[in-house]
file run_29.cif (mmCIF, C-alpha atoms)
data_my_file
#
loop_
_atom_site.label_atom_id
_atom_site.label_comp_id
_atom_site.auth_asym_id
_atom_site.auth_seq_id
_atom_site.Cartn_x
_atom_site.Cartn_y
_atom_site.Cartn_z
CA MET A 1 -24.82 12.23 231.83
CA VAL A 2 -21.18 11.78 232.93
CA GLU A 3 -19.07 14.92 232.84
CA ALA A 4 -16.06 14.43 230.53
CA ILE A 5 -12.90 14.97 232.59
CA PRO A 6 -9.75 15.21 230.45
CA LEU A 7 -6.82 12.97 231.40
CA ASP A 8 -3.91 14.67 233.14
CA ARG A 9 -0.38 14.21 231.79
CA ALA A 10 0.44 11.27 234.02
CA ALA A 11 -2.73 9.48 232.91
CA MET A 12 -1.91 10.18 229.26
CA ALA A 13 1.58 8.73 229.75
CA ALA A 14 0.10 5.72 231.56
CA ARG A 15 -2.33 5.09 228.69
CA VAL A 16 0.53 5.02 226.16
CA ALA A 17 2.50 2.65 228.40
CA GLN A 18 -0.40 0.14 228.36
CA ASP A 19 0.15 -0.40 224.62
CA ILE A 20 3.90 -1.09 224.76
CA PRO A 21 4.42 -4.87 224.75
CA GLU A 22 7.30 -6.83 226.17
CA GLY A 23 10.34 -6.95 223.91
CA TRP A 24 10.03 -3.59 222.22
CA ILE A 25 12.91 -1.12 221.94
CA VAL A 26 11.46 2.32 222.57
CA ASN A 27 12.69 5.90 222.21
CA LEU A 28 10.79 8.54 224.19
CA GLY A 29 10.84 12.24 223.33
CA VAL A 30 11.18 14.92 225.99
CA GLY A 31 8.16 16.10 228.02
CA VAL A 32 5.12 13.84 228.51
CA PRO A 33 6.67 11.05 226.37
CA THR A 34 9.53 10.72 228.90
CA GLN A 35 6.95 10.00 231.64
CA VAL A 36 5.74 6.94 229.70
CA ALA A 37 8.71 4.94 231.05
CA ASP A 38 7.46 5.42 234.62
CA HIS A 39 4.25 3.56 233.77
CA VAL A 40 5.72 0.47 232.10
CA PRO A 41 5.57 -2.34 234.70
CA LEU A 42 9.03 -3.29 236.00
CA ASP A 43 8.53 -6.96 235.10
CA ARG A 44 7.87 -6.11 231.43
CA ASP A 45 11.14 -6.26 229.47
CA VAL A 46 11.06 -3.04 227.45
CA ILE A 47 14.40 -1.51 226.41
CA PHE A 48 14.62 2.27 226.37
CA HIS A 49 16.91 3.96 223.87
CA SER A 50 18.37 7.43 224.36
CA GLU A 51 19.62 9.25 221.26
CA ASN A 52 22.86 10.29 222.97
CA GLY A 53 24.04 6.71 223.02
CA ILE A 54 22.23 4.51 225.54
CA LEU A 55 20.23 1.28 225.21
CA GLY A 56 18.79 -0.06 228.46
CA MET A 57 18.31 3.28 230.15
CA GLY A 58 16.81 3.16 233.64
CA PRO A 59 15.01 5.75 235.77
CA ALA A 60 16.43 8.88 237.41
CA PRO A 61 19.16 8.04 239.96
CA THR A 62 18.97 8.13 243.75
CA PRO A 63 21.58 10.48 245.24
CA GLU A 64 23.87 7.45 245.78
CA GLU A 65 23.48 6.30 242.16
CA PHE A 66 24.07 9.74 240.62
CA ASP A 67 26.73 9.74 237.88
CA PRO A 68 27.46 13.14 236.29
CA TRP A 69 28.68 11.38 233.12
CA LEU A 70 25.36 9.73 232.37
CA VAL A 71 22.47 11.82 230.99
CA ASN A 72 19.47 11.24 228.72
CA ALA A 73 18.37 13.15 225.61
CA GLY A 74 16.87 15.84 227.83
CA LYS A 75 20.28 16.19 229.56
CA LYS A 76 18.84 14.81 232.81
CA ALA A 77 20.75 12.30 234.93
CA VAL A 78 19.68 8.68 234.40
CA THR A 79 20.76 5.15 235.36
CA LEU A 80 21.64 2.04 233.39
CA LYS A 81 19.79 -1.26 233.72
CA PRO A 82 21.73 -4.55 233.77
CA GLY A 83 22.29 -5.36 230.11
CA ALA A 84 22.63 -1.73 229.05
CA ALA A 85 24.95 -0.69 226.21
CA LEU A 86 26.70 2.61 225.44
CA PHE A 87 27.68 3.81 221.96
CA HIS A 88 28.41 6.92 219.91
CA HIS A 89 26.03 9.18 217.99
CA ALA A 90 26.48 7.67 214.53
CA ASP A 91 25.61 4.21 215.90
CA SER A 92 22.73 5.66 217.91
CA PHE A 93 21.21 7.30 214.85
CA ALA A 94 21.91 4.21 212.73
CA MET A 95 19.58 2.46 215.19
CA ILE A 96 17.02 5.19 214.59
CA ARG A 97 17.41 5.78 210.86
CA GLY A 98 18.08 2.13 210.07
CA GLY A 99 14.65 1.06 211.34
CA HIS A 100 15.85 -0.79 214.45
CA ILE A 101 13.69 1.09 216.98
CA ASP A 102 10.24 -0.49 217.46
CA LEU A 103 8.51 2.63 218.70
CA CYS A 104 9.14 6.31 219.14
CA VAL A 105 6.76 8.43 221.22
CA LEU A 106 6.90 12.15 220.52
CA GLY A 107 5.12 15.31 221.57
CA ALA A 108 3.62 17.48 218.82
CA PHE A 109 2.18 20.88 217.96
CA GLU A 110 0.02 19.45 215.16
CA VAL A 111 -0.70 16.15 213.44
CA ALA A 112 -2.46 16.06 210.07
CA GLU A 113 -5.00 13.41 209.04
CA THR A 114 -2.38 12.05 206.62
CA GLY A 115 0.01 11.44 209.53
CA ASP A 116 2.17 14.49 208.78
CA LEU A 117 3.88 15.75 211.93
CA ALA A 118 4.79 19.29 213.05
CA ASN A 119 6.65 19.24 216.36
CA TRP A 120 9.87 21.24 216.12
CA SER A 121 9.11 24.86 215.40
CA THR A 122 6.22 27.29 215.66
CA ASP A 123 8.12 29.55 213.29
CA SER A 124 7.86 32.66 215.46
CA ASN A 125 10.80 34.90 214.70
CA ASP A 126 11.88 35.57 218.27
CA LYS A 127 12.67 31.91 218.97
CA THR A 128 15.78 29.96 218.15
CA PRO A 129 15.02 27.13 215.73
CA ALA A 130 16.14 23.77 217.12
CA VAL A 131 15.29 20.39 215.64
CA GLY A 132 17.41 17.91 217.60
CA GLY A 133 16.65 14.30 216.65
CA ALA A 134 12.93 14.72 215.92
CA MET A 135 13.18 14.49 212.12
CA ASP A 136 15.34 11.36 212.29
CA LEU A 137 13.05 9.64 214.79
CA ALA A 138 9.91 10.54 212.86
CA VAL A 139 11.13 8.86 209.66
CA GLY A 140 13.27 6.09 211.11
CA ALA A 141 11.38 4.32 213.90
CA LYS A 142 9.17 1.36 212.92
CA ARG A 143 6.18 3.20 214.38
CA VAL A 144 5.76 6.71 215.71
CA TRP A 145 3.05 7.67 218.18
CA VAL A 146 2.22 11.14 219.41
CA VAL A 147 1.06 12.05 222.91
CA MET A 148 -0.33 15.58 223.23
CA GLU A 149 -3.25 17.70 224.48
CA HIS A 150 -6.16 17.49 222.06
CA THR A 151 -6.24 21.29 221.59
CA THR A 152 -3.91 24.21 222.24
CA ARG A 153 -4.22 26.23 225.45
CA ASP A 154 -6.50 28.70 223.67
CA GLY A 155 -8.67 25.91 222.30
CA ARG A 156 -7.41 25.57 218.73
CA PRO A 157 -7.37 22.03 217.32
CA ARG A 158 -4.07 20.19 217.04
CA LEU A 159 -5.53 17.40 214.91
CA VAL A 160 -5.76 19.14 211.57
CA LYS A 161 -6.29 18.60 207.84
CA GLN A 162 -2.90 20.05 207.03
CA CYS A 163 -0.16 21.24 209.39
CA SER A 164 0.28 25.01 209.56
CA TYR A 165 3.61 24.84 211.42
CA PRO A 166 6.88 23.75 209.76
CA LEU A 167 6.83 19.99 209.13
CA THR A 168 8.97 17.47 210.95
CA ALA A 169 8.08 14.59 208.62
CA LEU A 170 5.49 13.49 206.08
CA ARG A 171 3.06 10.58 206.76
CA SER A 172 4.88 9.56 209.90
CA ILE A 173 2.37 9.20 212.74
CA SER A 174 0.27 6.06 213.17
CA ARG A 175 -1.44 6.78 216.51
CA ILE A 176 -2.24 9.78 218.70
CA TYR A 177 -2.96 9.72 222.43
CA THR A 178 -4.63 12.91 223.64
CA ASN A 179 -6.17 13.94 226.94
CA LEU A 180 -9.57 13.13 225.39
CA ALA A 181 -9.12 10.15 223.07
CA VAL A 182 -6.94 7.58 221.31
CA ILE A 183 -6.94 8.06 217.57
CA ASP A 184 -5.38 5.95 214.84
CA VAL A 185 -4.19 7.45 211.57
CA SER A 186 -5.75 5.14 209.01
CA PRO A 187 -6.00 5.34 205.20
CA ARG A 188 -9.37 7.12 205.57
CA GLY A 189 -8.00 9.58 208.15
CA PHE A 190 -8.38 9.96 211.92
CA THR A 191 -10.15 6.95 213.44
CA VAL A 192 -11.22 7.16 217.08
CA SER A 193 -10.69 3.95 219.03
CA GLU A 194 -11.17 5.29 222.58
CA MET A 195 -12.74 8.31 224.26
CA ILE A 196 -12.81 9.44 227.89
CA PRO A 197 -16.07 8.71 229.74
CA GLY A 198 -18.72 11.33 228.97
CA MET A 199 -17.14 12.32 225.64
CA THR A 200 -19.20 12.02 222.48
CA LEU A 201 -17.91 11.82 218.92
CA GLU A 202 -19.72 15.08 218.22
CA ALA A 203 -18.04 16.90 221.12
CA LEU A 204 -14.67 15.46 220.10
CA GLN A 205 -15.26 16.52 216.48
CA ASN A 206 -15.91 20.08 217.71
CA ARG A 207 -12.36 20.11 219.09
CA THR A 208 -10.83 18.60 215.93
CA GLU A 209 -10.30 20.29 212.58
CA ALA A 210 -10.11 17.18 210.40
CA LYS A 211 -12.95 14.68 210.04
CA LEU A 212 -13.11 11.98 212.71
CA HIS A 213 -14.21 8.44 211.96
CA LEU A 214 -15.34 5.92 214.53
CA ALA A 215 -13.51 2.61 214.78
CA ALA A 216 -15.60 -0.56 214.55
CA THR A 217 -15.23 -0.88 218.33
CA THR A 218 -14.67 2.22 220.40
CA GLU A 219 -13.56 1.80 224.01
CA ARG A 220 -13.90 4.12 226.97
CA LEU A 221 -10.65 5.59 228.31
CA SER A 222 -10.40 5.46 232.07
CA MET B 1 58.93 7.21 220.22
CA ILE B 2 55.40 8.20 219.40
CA ASP B 3 54.12 10.46 222.15
CA LYS B 4 50.98 12.48 221.46
CA ARG B 5 50.67 13.79 225.00
CA CYS B 6 51.23 17.53 225.14
CA HIS B 7 50.18 20.86 226.65
CA VAL B 8 47.02 22.46 225.32
CA ALA B 9 48.85 25.53 223.96
CA GLU B 10 51.22 23.30 221.98
CA ALA B 11 48.29 21.23 220.65
CA LEU B 12 46.39 24.28 219.37
CA LYS B 13 49.27 26.51 218.20
CA ASP B 14 48.60 26.10 214.46
CA VAL B 15 44.83 26.74 214.46
CA SER B 16 44.18 29.54 211.98
CA ASP B 17 41.47 32.17 211.64
CA GLY B 18 38.47 30.90 209.70
CA ALA B 19 38.98 27.29 210.84
CA THR B 20 36.08 24.86 211.07
CA VAL B 21 36.13 23.40 214.57
CA MET B 22 34.14 20.37 215.70
CA ILE B 23 33.39 20.32 219.41
CA GLY B 24 32.16 17.09 221.01
CA GLY B 25 29.63 16.70 223.80
CA PHE B 26 25.92 16.24 224.39
CA GLY B 27 24.81 18.53 227.14
CA ALA B 28 27.77 19.01 229.43
CA VAL B 29 28.81 15.35 229.15
CA GLY B 30 31.75 14.77 226.86
CA GLN B 31 32.20 18.48 226.22
CA PRO B 32 35.91 19.40 226.07
CA ASP B 33 35.72 22.60 228.14
CA PHE B 34 39.43 22.66 228.92
CA LEU B 35 40.32 22.61 225.21
CA ILE B 36 37.71 25.29 224.43
CA ASP B 37 39.36 27.48 227.05
CA GLY B 38 42.62 26.73 225.27
CA LEU B 39 41.10 27.92 221.99
CA VAL B 40 39.95 31.10 223.74
CA GLU B 41 43.54 31.70 224.85
CA GLN B 42 44.93 30.79 221.44
CA GLY B 43 42.99 33.58 219.79
CA ALA B 44 41.76 32.20 216.41
CA ARG B 45 38.80 34.18 215.06
CA ASP B 46 36.09 33.87 212.43
CA LEU B 47 35.53 30.25 213.42
CA VAL B 48 32.87 27.87 212.13
CA VAL B 49 31.82 25.69 215.07
CA VAL B 50 30.21 22.28 214.52
CA ALA B 51 28.55 20.99 217.69
CA ASN B 52 25.23 19.43 218.68
CA ASN B 53 24.39 22.26 221.07
CA ALA B 54 25.39 25.91 221.38
CA GLY B 55 26.53 25.54 225.00
CA TRP B 56 24.81 26.60 228.19
CA SER B 57 26.13 28.96 230.83
CA ARG B 58 28.31 31.86 229.74
CA GLU B 59 31.23 30.95 231.99
CA THR B 60 32.33 27.84 230.14
CA GLY B 61 32.67 26.19 226.80
CA ILE B 62 31.30 27.40 223.48
CA PRO B 63 29.48 30.49 224.92
CA ARG B 64 32.87 31.97 225.89
CA LEU B 65 33.83 31.89 222.20
CA PHE B 66 30.50 33.52 221.30
CA ASP B 67 30.86 36.32 223.84
CA LEU B 68 34.34 37.12 222.52
CA GLY B 69 32.95 37.43 218.98
CA ARG B 70 35.12 34.60 217.71
CA VAL B 71 32.48 32.50 215.96
CA ARG B 72 31.16 33.38 212.51
CA LYS B 73 28.83 30.43 212.12
CA ILE B 74 27.56 27.43 214.05
CA VAL B 75 26.40 24.14 212.53
CA CYS B 76 24.25 22.34 215.08
CA SER B 77 20.97 20.52 215.76
CA PHE B 78 19.76 22.05 219.01
CA PRO B 79 21.01 25.57 219.87
CA LYS B 80 18.47 26.14 222.67
CA ASN B 81 19.18 27.29 226.24
CA SER B 82 22.31 29.23 225.32
CA PRO B 83 21.86 32.92 226.25
CA ALA B 84 25.18 33.86 224.60
CA PHE B 85 24.04 32.32 221.30
CA ASP B 86 20.56 33.89 221.54
CA ASP B 87 22.08 37.36 221.99
CA LEU B 88 24.15 37.06 218.82
CA PHE B 89 21.46 35.30 216.79
CA ARG B 90 18.78 37.87 217.63
CA VAL B 91 20.88 40.70 216.19
CA GLY B 92 22.12 38.72 213.18
CA LYS B 93 25.72 38.52 214.36
CA ILE B 94 26.05 34.78 213.92
CA GLU B 95 25.08 32.44 211.11
CA LEU B 96 23.15 29.28 212.01
CA GLU B 97 22.99 26.09 209.96
CA ILE B 98 20.45 23.86 211.63
CA VAL B 99 20.92 20.14 210.87
CA PRO B 100 18.81 17.21 212.11
CA GLN B 101 20.84 15.40 214.75
CA GLY B 102 21.12 12.10 212.88
CA THR B 103 22.06 13.85 209.65
CA LEU B 104 24.68 15.83 211.57
CA ALA B 105 26.15 12.62 213.03
CA GLU B 106 26.11 10.84 209.66
CA ARG B 107 27.65 13.80 207.81
CA ILE B 108 30.50 13.78 210.33
CA ARG B 109 30.88 9.99 210.15
CA ALA B 110 30.88 10.13 206.34
CA ALA B 111 33.68 12.70 206.34
CA GLY B 112 35.80 10.47 208.55
CA ALA B 113 35.09 7.43 206.38
CA GLY B 114 35.89 9.11 203.05
CA VAL B 115 32.26 9.11 201.86
CA PRO B 116 31.56 12.45 200.12
CA ALA B 117 27.75 12.31 200.33
CA PHE B 118 24.87 9.99 201.14
CA PHE B 119 21.08 9.82 200.85
CA THR B 120 18.67 9.91 203.80
CA ALA B 121 14.91 10.03 204.35
CA THR B 122 15.36 12.51 207.20
CA GLY B 123 14.07 15.95 206.26
CA VAL B 124 12.14 14.93 203.11
CA GLY B 125 9.18 17.29 202.65
CA THR B 126 10.49 19.74 205.27
CA GLN B 127 12.39 23.00 205.05
CA MET B 128 15.62 20.98 205.47
CA ALA B 129 15.14 19.77 201.88
CA ALA B 130 15.57 23.26 200.41
CA GLY B 131 18.22 23.26 197.70
CA LYS B 132 19.13 19.59 198.15
CA GLU B 133 19.22 16.89 195.50
CA VAL B 134 16.29 14.46 195.81
CA ARG B 135 16.43 10.88 194.52
CA GLU B 136 14.15 7.87 194.67
CA PHE B 137 15.41 4.45 195.73
CA GLY B 138 12.99 1.53 195.85
CA GLY B 139 10.02 3.89 195.52
CA LYS B 140 11.01 6.02 198.52
CA THR B 141 12.26 9.60 198.41
CA TYR B 142 15.63 10.60 199.86
CA LEU B 143 17.72 13.77 200.24
CA MET B 144 21.39 13.99 199.41
CA GLU B 145 23.52 15.19 202.32
CA GLU B 146 27.20 16.00 202.04
CA ALA B 147 30.05 14.96 204.32
CA LEU B 148 31.05 17.52 206.95
CA HIS B 149 34.81 17.96 207.37
CA ALA B 150 36.70 20.03 209.89
CA ASP B 151 40.14 21.55 210.33
CA LEU B 152 40.12 20.78 214.04
CA ALA B 153 38.17 18.48 216.35
CA LEU B 154 38.16 19.06 220.10
CA VAL B 155 37.00 15.94 221.89
CA GLU B 156 36.75 14.63 225.42
CA ALA B 157 37.54 11.08 226.45
CA TRP B 158 37.98 9.34 229.79
CA ARG B 159 41.34 7.59 229.29
CA GLY B 160 44.03 8.18 226.71
CA ASP B 161 47.53 6.83 226.06
CA ARG B 162 50.55 8.26 224.25
CA TRP B 163 49.53 6.63 220.96
CA GLY B 164 46.22 8.50 221.17
CA ASN B 165 43.98 5.51 221.92
CA LEU B 166 40.86 6.67 223.76
CA SER B 167 38.11 5.18 225.91
CA TYR B 168 35.02 6.92 227.22
CA ARG B 169 32.73 6.96 230.25
CA GLY B 170 28.94 6.87 230.49
CA SER B 171 27.14 8.88 227.81
CA GLY B 172 30.38 10.76 227.11
CA ARG B 173 30.96 9.20 223.70
CA ASN B 174 28.16 10.98 221.83
CA PHE B 175 29.80 12.98 219.01
CA ASN B 176 33.41 12.55 220.20
CA PRO B 177 34.48 9.34 218.40
CA ILE B 178 33.05 10.44 215.03
CA MET B 179 34.39 14.00 215.28
CA ALA B 180 37.83 12.57 216.04
CA MET B 181 37.63 10.83 212.63
CA ALA B 182 36.40 13.83 210.64
CA ALA B 183 39.04 16.50 211.28
CA ARG B 184 42.54 17.09 209.92
CA LEU B 185 43.74 17.75 213.47
CA THR B 186 42.15 16.05 216.49
CA VAL B 187 42.95 17.03 220.05
CA ALA B 188 41.55 14.96 222.93
CA GLN B 189 41.30 16.04 226.55
CA VAL B 190 41.42 13.02 228.85
CA HIS B 191 40.67 12.64 232.53
CA GLU B 192 43.30 9.98 232.95
CA ALA B 193 46.49 9.57 230.92
CA VAL B 194 47.55 5.93 231.02
CA GLU B 195 50.55 3.89 229.85
CA LEU B 196 50.34 1.94 226.59
CA GLY B 197 48.18 -1.08 227.38
CA GLY B 198 46.40 0.85 230.14
CA ILE B 199 43.34 0.69 227.92
CA ALA B 200 42.83 -2.96 226.99
CA PRO B 201 42.89 -3.38 223.19
CA ASP B 202 39.29 -4.61 223.14
CA GLU B 203 38.21 -1.56 225.15
CA VAL B 204 39.74 1.07 222.86
CA VAL B 205 36.82 3.00 221.32
CA THR B 206 38.79 5.59 219.32
CA PRO B 207 42.01 4.06 217.96
CA GLY B 208 44.97 6.44 218.07
CA ILE B 209 45.09 6.72 214.27
CA PHE B 210 42.33 9.36 214.58
CA VAL B 211 44.04 11.40 217.32
CA ASN B 212 46.93 13.86 217.00
CA HIS B 213 47.29 15.23 220.53
CA VAL B 214 46.28 14.05 224.01
CA VAL B 215 45.91 16.66 226.76
CA ASP B 216 45.66 15.33 230.34
CA ILE B 217 43.20 17.42 232.36
CA ASN B 218 43.40 15.32 235.51
CA GLY B 219 39.73 14.78 236.31
CA GLY B 220 36.93 17.14 237.24
CA ALA B 221 33.18 16.68 236.81
CA PRO B 222 31.31 18.10 233.80
CA HIS B 223 29.71 21.44 234.55
CA GLY B 224 27.16 23.78 232.99
#

call {"tool": "encode", "arguments": {"input": "run_29.cif", "output": "structure tokens"}}
result
Amino acid sequence: MVEAIPLDRAAMAARVAQDIPEGWIVNLGVGVPTQVADHVPLDRDVIFHSENGILGMGPAPTPEEFDPWLVNAGKKAVTLKPGAALFHHADSFAMIRGGHIDLCVLGAFEVAETGDLANWSTDSNDKTPAVGGAMDLAVGAKRVWVVMEHTTRDGRPRLVKQCSYPLTALRSISRIYTNLAVIDVSPRGFTVSEMIPGMTLEALQNRTEAKLHLAATTERLS
Amino acid sequence: MIDKRCHVAEALKDVSDGATVMIGGFGAVGQPDFLIDGLVEQGARDLVVVANNAGWSRETGIPRLFDLGRVRKIVCSFPKNSPAFDDLFRVGKIELEIVPQGTLAERIRAAGAGVPAFFTATGVGTQMAAGKEVREFGGKTYLMEEALHADLALVEAWRGDRWGNLSYRGSGRNFNPIMAMAARLTVAQVHEAVELGGIAPDEVVTPGIFVNHVVDINGGAPHG
């Protein structure tokens, strides 16, 4: 029997990137989602949107390219690709809320089997609440995918029947990429389309609170 | 002759205690630090600050106002990574109104455009919906959000002329153009003051109609 080795973050980001076709306009959340851009082949025309007013964002700058007046949503320095456009926040969020963004990839604390998303607050009193653009992206993009570890650090499931943390949006998520599997949110609930080698549906179910269904064809993640 | 160029102290002399102040910027880019320092000097207290973030390092920008106890409330989307804000918030010495970023931008834009309220899907079913009117349009549920006005907007632009026309650099637009529209008094700090025509008409982003004063800060990279 093959031992199931979870994907690392780079591999998770790379797996998401495989599913982004040429021509899409994509907004990436901070953390692992940001790394997705590094795995989209350079010859595939995908346009990255940054909520602070950039379409056609490129990778981090070399020291020679560095421009202190150009940052991404995570406040990190970035570059512009030929064809890029700059605009203000109301236009940027009109793109988001007006349904013009093909895909948004977000991190999450929990996703419910209905597609409900909790990704902005764990509601502990000592922390400052901060929502940023997550609620707008989760309701406005044409499709919203989540990339996250399958369970919390202490082993609690993140794919749940109902979110316990404060909600970001209702019925928002259509697909989840974890370090163990790719799971679609379908009308009947979580449907597994891929698992890492050595993973069984039973073992995956043990790490998942909500019921898992198997897609008609289930691939092996590599 | 219309000439909106002036010294920061002159631009801010009529700001009163209790004013609502919009402050542009996303991260350090487009943040009008020079004008915030001017507001520190000017002395107005009990301020309501509207900004995307709550600032960063204590030495500059919004955190200076916090540390001096000059801010009663902040309306923002992402007040993380600001030690000065955390200190006040932890002990209940500042009020926080957290607003999703797109709703914040649209509330500001609406104020500038004379739209008193609008409906949005953002926040439906979340704690942001508390106390807000809910309506259905085309079978979907929306929240009513009200326009957000200000007494003063402090914005940063790249170039400005004496009529108040502004252009921006890089990701420095962010909240600045819409805040300039939403306040009774708008003051812009610019890195380069130019003659009329120095910004080509088709490159003006904020037309001077939205700007009352232009303060030339003569360059300097964003910090913090």

call {"tool": "closest_residue", "arguments": {"input": "run_29.cif", "among": "A:Gly74, A:Pro68, A:Pro21, A:Pro82", "to": "A:Pro41", "atoms": "all atoms listed in the file"}}
result
A:Pro21

call {"tool": "resolve_selection", "arguments": {"input": "run_29.cif", "expression": "the PyMOL selection byres ((chain B) within 10 of (chain A))", "output": "PDB file with C-alpha atoms, keeping the file's coordinate frame"}}
result
ATOM      1  CA  GLY B  25      29.630  16.700 223.800  1.00  0.00           C
ATOM      2  CA  PHE B  26      25.920  16.240 224.390  1.00  0.00           C
ATOM      3  CA  GLY B  27      24.810  18.530 227.140  1.00  0.00           C
ATOM      4  CA  ALA B  28      27.770  19.010 229.430  1.00  0.00           C
ATOM      5  CA  VAL B  29      28.810  15.350 229.150  1.00  0.00           C
ATOM      6  CA  GLY B  30      31.750  14.770 226.860  1.00  0.00           C
ATOM      7  CA  ASN B  52      25.230  19.430 218.680  1.00  0.00           C
ATOM      8  CA  ASN B  53      24.390  22.260 221.070  1.00  0.00           C
ATOM      9  CA  CYS B  76      24.250  22.340 215.080  1.00  0.00           C
ATOM     10  CA  SER B  77      20.970  20.520 215.760  1.00  0.00           C
ATOM     11  CA  PHE B  78      19.760  22.050 219.010  1.00  0.00           C
ATOM     12  CA  PRO B  79      21.010  25.570 219.870  1.00  0.00           C
ATOM     13  CA  LYS B  80      18.470  26.140 222.670  1.00  0.00           C
ATOM     14  CA  ASN B  81      19.180  27.290 226.240  1.00  0.00           C
ATOM     15  CA  SER B  82      22.310  29.230 225.320  1.00  0.00           C
ATOM     16  CA  PHE B  85      24.040  32.320 221.300  1.00  0.00           C
ATOM     17  CA  ASP B  86      20.560  33.890 221.540  1.00  0.00           C
ATOM     18  CA  PHE B  89      21.460  35.300 216.790  1.00  0.00           C
ATOM     19  CA  ARG B  90      18.780  37.870 217.630  1.00  0.00           C
ATOM     20  CA  LEU B  96      23.150  29.280 212.010  1.00  0.00           C
ATOM     21  CA  GLU B  97      22.990  26.090 209.960  1.00  0.00           C
ATOM     22  CA  ILE B  98      20.450  23.860 211.630  1.00  0.00           C
ATOM     23  CA  VAL B  99      20.920  20.140 210.870  1.00  0.00           C
ATOM     24  CA  PRO B 100      18.810  17.210 212.110  1.00  0.00           C
ATOM     25  CA  GLN B 101      20.840  15.400 214.750  1.00  0.00           C
ATOM     26  CA  GLY B 102      21.120  12.100 212.880  1.00  0.00           C
ATOM     27  CA  THR B 103      22.060  13.850 209.650  1.00  0.00           C
ATOM     28  CA  LEU B 104      24.680  15.830 211.570  1.00  0.00           C
ATOM     29  CA  ALA B 105      26.150  12.620 213.030  1.00  0.00           C
ATOM     30  CA  GLU B 106      26.110  10.840 209.660  1.00  0.00           C
ATOM     31  CA  ARG B 107      27.650  13.800 207.810  1.00  0.00           C
ATOM     32  CA  ILE B 108      30.500  13.780 210.330  1.00  0.00           C
ATOM     33  CA  ARG B 109      30.880   9.990 210.150  1.00  0.00           C
ATOM     34  CA  ALA B 110      30.880  10.130 206.340  1.00  0.00           C
ATOM     35  CA  THR B 120      18.670   9.910 203.800  1.00  0.00           C
ATOM     36  CA  ALA B 121      14.910  10.030 204.350  1.00  0.00           C
ATOM     37  CA  THR B 122      15.360  12.510 207.200  1.00  0.00           C
ATOM     38  CA  GLY B 123      14.070  15.950 206.260  1.00  0.00           C
ATOM     39  CA  VAL B 124      12.140  14.930 203.110  1.00  0.00           C
ATOM     40  CA  GLY B 125       9.180  17.290 202.650  1.00  0.00           C
ATOM     41  CA  THR B 126      10.490  19.740 205.270  1.00  0.00           C
ATOM     42  CA  GLN B 127      12.390  23.000 205.050  1.00  0.00           C
ATOM     43  CA  MET B 128      15.620  20.980 205.470  1.00  0.00           C
ATOM     44  CA  TYR B 168      35.020   6.920 227.220  1.00  0.00           C
ATOM     45  CA  ARG B 169      32.730   6.960 230.250  1.00  0.00           C
ATOM     46  CA  GLY B 170      28.940   6.870 230.490  1.00  0.00           C
ATOM     47  CA  SER B 171      27.140   8.880 227.810  1.00  0.00           C
ATOM     48  CA  GLY B 172      30.380  10.760 227.110  1.00  0.00           C
ATOM     49  CA  ARG B 173      30.960   9.200 223.700  1.00  0.00           C
ATOM     50  CA  ASN B 174      28.160  10.980 221.830  1.00  0.00           C
ATOM     51  CA  PHE B 175      29.800  12.980 219.010  1.00  0.00           C
ATOM     52  CA  ASN B 176      33.410  12.550 220.200  1.00  0.00           C
ATOM     53  CA  PRO B 177      34.480   9.340 218.400  1.00  0.00           C
ATOM     54  CA  ILE B 178      33.050  10.440 215.030  1.00  0.00           C
ATOM     55  CA  VAL B 205      36.820   3.000 221.320  1.00  0.00           C
ATOM     56  CA  ALA B 221      33.180  16.680 236.810  1.00  0.00           C
ATOM     57  CA  PRO B 222      31.310  18.100 233.800  1.00  0.00           C
ATOM     58  CA  HIS B 223      29.710  21.440 234.550  1.00  0.00           C
TER      59      HIS B 223
END

call {"tool": "residues_around", "arguments": {"input": "run_29.cif", "residues": "A:Val2", "least_positions_apart": "3", "cutoff": "9 Å", "atoms": "all atoms listed in the file", "output": "PyMOL selection string"}}
result
chain A and resi 5+197-199

call {"tool": "residues_around", "arguments": {"input": "run_29.cif", "residues": "A:Gly56", "least_positions_apart": "4", "cutoff": "7 Å", "atoms": "all atoms listed in the file", "output": "ChimeraX atom specification"}}
result
/A:47-49,80-81,83-85

call {"tool": "resolve_selection", "arguments": {"input": "run_29.cif", "expression": "the PyMOL selection byres ((chain A and resi 106-110) around 6)", "output": "list in words"}}
result
Gly29, Pro33, Val105, Val111, Ala118, Asn119, Val146, Val147, Met148, Arg158 and Leu159 of chain A

call {"tool": "residues_around", "arguments": {"input": "run_29.cif", "residues": "B:Ala19", "least_positions_apart": "6", "cutoff": "9 Å", "atoms": "only C-alpha atoms", "output": "PyMOL selection string"}}
result
chain B and resi 44-49+150-152

call {"tool": "atom_distance", "arguments": {"input": "run_29.cif", "atom1": "atom CA of A:Val30", "atom2": "atom CA of A:Trp120"}}
result
11.8 Å

call {"tool": "closest_residue", "arguments": {"input": "run_29.cif", "among": "B:Trp163, B:Val194, B:Ala200, B:Ala147", "to": "B:Asn212", "atoms": "all atoms listed in the file"}}
result
B:Trp163

call {"tool": "axis_aligned_box", "arguments": {"input": "run_29.cif", "around": "stretch 120-134 of chain A", "padding_each_side": "3 Å", "output": "AutoDock Vina command-line options"}}
result
--center_x 11.8 --center_y 24.9 --center_z 216.1 --size_x 17.2 --size_y 27.3 --size_z 11.7

call {"tool": "residues_around", "arguments": {"input": "run_29.cif", "residues": "B:Gln42", "least_positions_apart": "5", "cutoff": "9 Å", "atoms": "all atoms listed in the file", "output": "ChimeraX atom specification"}}
result
/B:9,12-13,15,37
